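Q: Mind looking over this structure? Questions follow.
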Amino acid sequence: LAVPEARELTAERRLGKRLFAGAGCDACHVPSHTVNVGGNEETIWPYTDLLLHDMGPMLADGVVEGSASGSEWRTPPLWSLGIALEVNPDSGLLHDGRATNVHEAILWHGGEGARAAAQFLELSEAEQDALASFVLAL
C-alpha cells in the first residue's frame with residue numbers, strides 16, 4: 001500500500017515542524033530521502049535515517065541481535081504514525097508499545113536521543129503539543 005498523504009500543516013503543525021528540527025529530532029528522524037523508482041528520482045518523506053542508534057539503558061532490552069546491542073534501535077519511520085494510531089489506538093509507541101503517546105515516546109529517548117528529549121522538556125506545554133501534532137500529521 002502507498003503511504004497516505006501527510007495531513008494539512010496547520011499553524012500549530014508548522015510550529016511543531018520548526019520545534020522538531022530545533023530540538024534536533026531531525027538528526028535521526030531525517031525528513032526526506034531521494035530514491036530511484038523505475039529510473040526516476042523521487043523524494044520520499046519517511047522521517048528516518050534507518051540507522052541503529054544507542055538509545056540508552058531505559059530502552060535497552062538486553063537482546064543482542066547481530067551487531068546491535070540491547071540498547072541500539074533502528075530509527076523508525078514516522079510517516080503515517082498518526083493514522084496507524086487511529087486504526088489501532090491501543091498499539092502504543094516505541095519498539096515495545098510502552099509509550100501511550102508522542103510525548104511519552106520522546107521522553108523515553110536516552111543515549112543518542114537524550115539531547116532531543118531534554119530540548120523537548122524545555123518547551124512550553126503548548127509547544128510540546130504542537131510538536132506532537134506535527135509528528136501525528138506526517
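Each chain in the C-alpha cells gets a letter, A, B, ..., in the order shown, and its residues are numbered from 1; ligands are numbered from 1 in order too.
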Hey, which bits of stretch 17-42 of chain A sit within 10 Å of stretch 78-102 of chain A, and for each residue what's the closest pair of atoms and how far apart in Å (one decimal), counting only C-alpha atoms, rows by chain and increasing number, as JSON lines?
A:
{"residue": "A:His29", "atom": "CA", "partner": "A:Leu78", "partner_atom": "CA", "distance": 7.5}
{"residue": "A:Val30", "atom": "CA", "partner": "A:Leu78", "partner_atom": "CA", "distance": 9.7}
{"residue": "A:Pro31", "atom": "CA", "partner": "A:Leu78", "partner_atom": "CA", "distance": 9.1}
Q: Pull N, CA, C and O atoms from the residues just selected and write them as a PDB file, in the first residue's frame.
A:
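Saved as again.pdb:
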ATOM      1  N   HIS A  29      15.580  11.296  12.841  1.00  0.00           N
ATOM      2  CA  HIS A  29      14.342  11.208  12.071  1.00  0.00           C
ATOM      3  C   HIS A  29      14.472  12.171  10.888  1.00  0.00           C
ATOM      4  O   HIS A  29      13.804  13.202  10.828  1.00  0.00           O
ATOM      5  N   VAL A  30      15.385  11.806   9.976  1.00  0.00           N
ATOM      6  CA  VAL A  30      15.699  12.631   8.806  1.00  0.00           C
ATOM      7  C   VAL A  30      14.452  12.730   7.932  1.00  0.00           C
ATOM      8  O   VAL A  30      13.890  11.706   7.538  1.00  0.00           O
ATOM      9  N   PRO A  31      14.014  13.968   7.628  1.00  0.00           N
ATOM     10  CA  PRO A  31      12.752  14.130   6.912  1.00  0.00           C
ATOM     11  C   PRO A  31      12.677  13.426   5.563  1.00  0.00           C
ATOM     12  O   PRO A  31      11.761  12.647   5.331  1.00  0.00           O
TER      13      PRO A  31
END
Q: Please identify which residues in chain A DSSP calls alpha helix (DSSP H) from the backbone, and express them as a PyMOL selection string.
A: chain A and resi 11-22+81-87+102-107+114-122+125-137
Q: Quick one: residues within 9 Å of A:Ala23, only C-alpha atoms, excluding same-chain residues fewer than 2 positions away - as a ChimeraX atom specification?
A: /A:18-21,25-26,115-120
Q: Could you please determine the separation between atom CA of A:Phe134 and atom CA of A:Thr75 in Å, to one decimal place?
A: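 Value for the atom CA of A:Phe134-atom CA of A:Thr75 distance: 17.6 Å.
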Q: I want to know what sits within 9 Å of A:Thr43, based on only C-alpha atoms, with residues of the same chain fewer than 6 positions away left out; could you give that as a PDB file with N, CA, C and O atoms, in the first residue's frame?
A:
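And here's selection_7.pdb as it stands now:
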ATOM      1  N   SER A  32      13.613  13.685   4.663  1.00  0.00           N
ATOM      2  CA  SER A  32      13.429  13.191   3.294  1.00  0.00           C
ATOM      3  C   SER A  32      14.648  12.437   2.788  1.00  0.00           C
ATOM      4  O   SER A  32      15.761  12.614   3.287  1.00  0.00           O
ATOM      5  N   HIS A  33      14.380  11.619   1.781  1.00  0.00           N
ATOM      6  CA  HIS A  33      15.420  10.869   1.077  1.00  0.00           C
ATOM      7  C   HIS A  33      15.053  10.831  -0.399  1.00  0.00           C
ATOM      8  O   HIS A  33      13.874  10.748  -0.748  1.00  0.00           O
ATOM      9  N   THR A  34      16.051  10.860  -1.234  1.00  0.00           N
ATOM     10  CA  THR A  34      15.837  10.720  -2.671  1.00  0.00           C
ATOM     11  C   THR A  34      16.068   9.264  -3.035  1.00  0.00           C
ATOM     12  O   THR A  34      17.095   8.680  -2.673  1.00  0.00           O
ATOM     13  N   VAL A  35      15.107   8.678  -3.718  1.00  0.00           N
ATOM     14  CA  VAL A  35      15.192   7.274  -4.117  1.00  0.00           C
ATOM     15  C   VAL A  35      14.963   7.165  -5.621  1.00  0.00           C
ATOM     16  O   VAL A  35      14.381   8.042  -6.242  1.00  0.00           O
ATOM     17  N   ASN A  36      15.432   6.075  -6.180  1.00  0.00           N
ATOM     18  CA  ASN A  36      15.248   5.822  -7.599  1.00  0.00           C
ATOM     19  C   ASN A  36      14.085   4.847  -7.762  1.00  0.00           C
ATOM     20  O   ASN A  36      14.123   3.730  -7.245  1.00  0.00           O
TER      21      ASN A  36
END
Q: So, with only C-alpha atoms as the atoms that count, which of A:Pro46, A:Gly38, A:Ile106, A:Gln128 lies closest to A:Val3?
A: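 Using only C-alpha atoms, the shortest distance to A:Val3 belongs to A:Pro46.
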Q: Using DSSP on the backbone coordinates, identify the residues of chain A assigned to strand (DSSP E or B); present them as an NGL selection string.
A: :A and (33-37 or 40-44 or 52-54 or 65 or 68 or 72-74 or 93 or 99)
Q: What's the 6 Å shell around A:Gly111, counting only C-alpha atoms, without same-chain residues fewer than 3 positions away, as an mmCIF file with N, CA and C atoms, in the first residue's frame?
A:
data_model
loop_
_atom_site.group_PDB
_atom_site.id
_atom_site.type_symbol
_atom_site.label_atom_id
_atom_site.label_comp_id
_atom_site.auth_asym_id
_atom_site.auth_seq_id
_atom_site.Cartn_x
_atom_site.Cartn_y
_atom_site.Cartn_z
ATOM 1 N N ASP A 54 22.233 4.126 19.664
ATOM 2 C CA ASP A 54 22.191 3.722 21.068
ATOM 3 C C ASP A 54 21.193 4.634 21.770
ATOM 4 N N MET A 55 20.127 4.054 22.254
ATOM 5 C CA MET A 55 19.055 4.825 22.876
ATOM 6 C C MET A 55 19.108 4.794 24.399
ATOM 7 N N GLY A 56 20.198 4.286 24.948
ATOM 8 C CA GLY A 56 20.399 4.331 26.386
ATOM 9 C C GLY A 56 19.762 3.181 27.144
ATOM 10 N N ALA A 114 18.992 11.550 23.935
ATOM 11 C CA ALA A 114 18.790 12.270 25.197
ATOM 12 C C ALA A 114 18.755 13.783 25.006
#
Q: Could you check the closest approach to A:Glu112 for each of A:Leu138, A:Leu131, A:Ile44, A:Leu52 and tell me which residue wins, using only C-alpha atoms?
A: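 Ranked by minimum distance to A:Glu112, first place goes to A:Leu52.
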Q: For atom CA of A:Glu127 and atom CA of A:Met58, determine how far apart the two atoms are, in Å to one decimal place.
A: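 So the two atoms, atom CA of A:Glu127 and atom CA of A:Met58, lie 24.8 Å apart.
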Q: Pick from A:Ala132, A:Gly16, A:Glu125, A:Ser71: nearest to A:Glu104, with only C-alpha atoms counted?
A: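 The shortest atom-to-atom distance to A:Glu104 comes from A:Ala132.
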Q: Under the rule that only C-alpha atoms are counted, which of A:Gly22, A:Pro57, A:Pro4, A:Pro77 is the nearest residue to A:Trp108?
A: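 The shortest atom-to-atom distance to A:Trp108 comes from A:Pro57.
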Q: What does the distance between atom CA of A:Gly66 and atom CA of A:Leu107 come to in Å, to one decimal place?
A: 27.1 Å
Q: When you count only C-alpha atoms, which of these residues is closest to A:Gly110: A:Glu72, A:Glu122, A:Glu65, A:Asp129?
A: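 Under the stated criterion, the closest residue is A:Glu72.
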Q: Restricting the calculation to only C-alpha atoms, which member of A:Leu51, A:Asn40, A:Leu121, A:Trp45 is positioned closest to A:Glu5?
A: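 Comparing A:Leu51, A:Asn40, A:Leu121, A:Trp45 against A:Glu5, the winner is A:Trp45.
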Q: If you count only C-alpha atoms, which residues fall within 8 Å of A:Pro76, apart from same-chain ones fewer than 3 positions away, as JSON, numbers by chain?
A: {"A": [29, 47, 48, 50]}
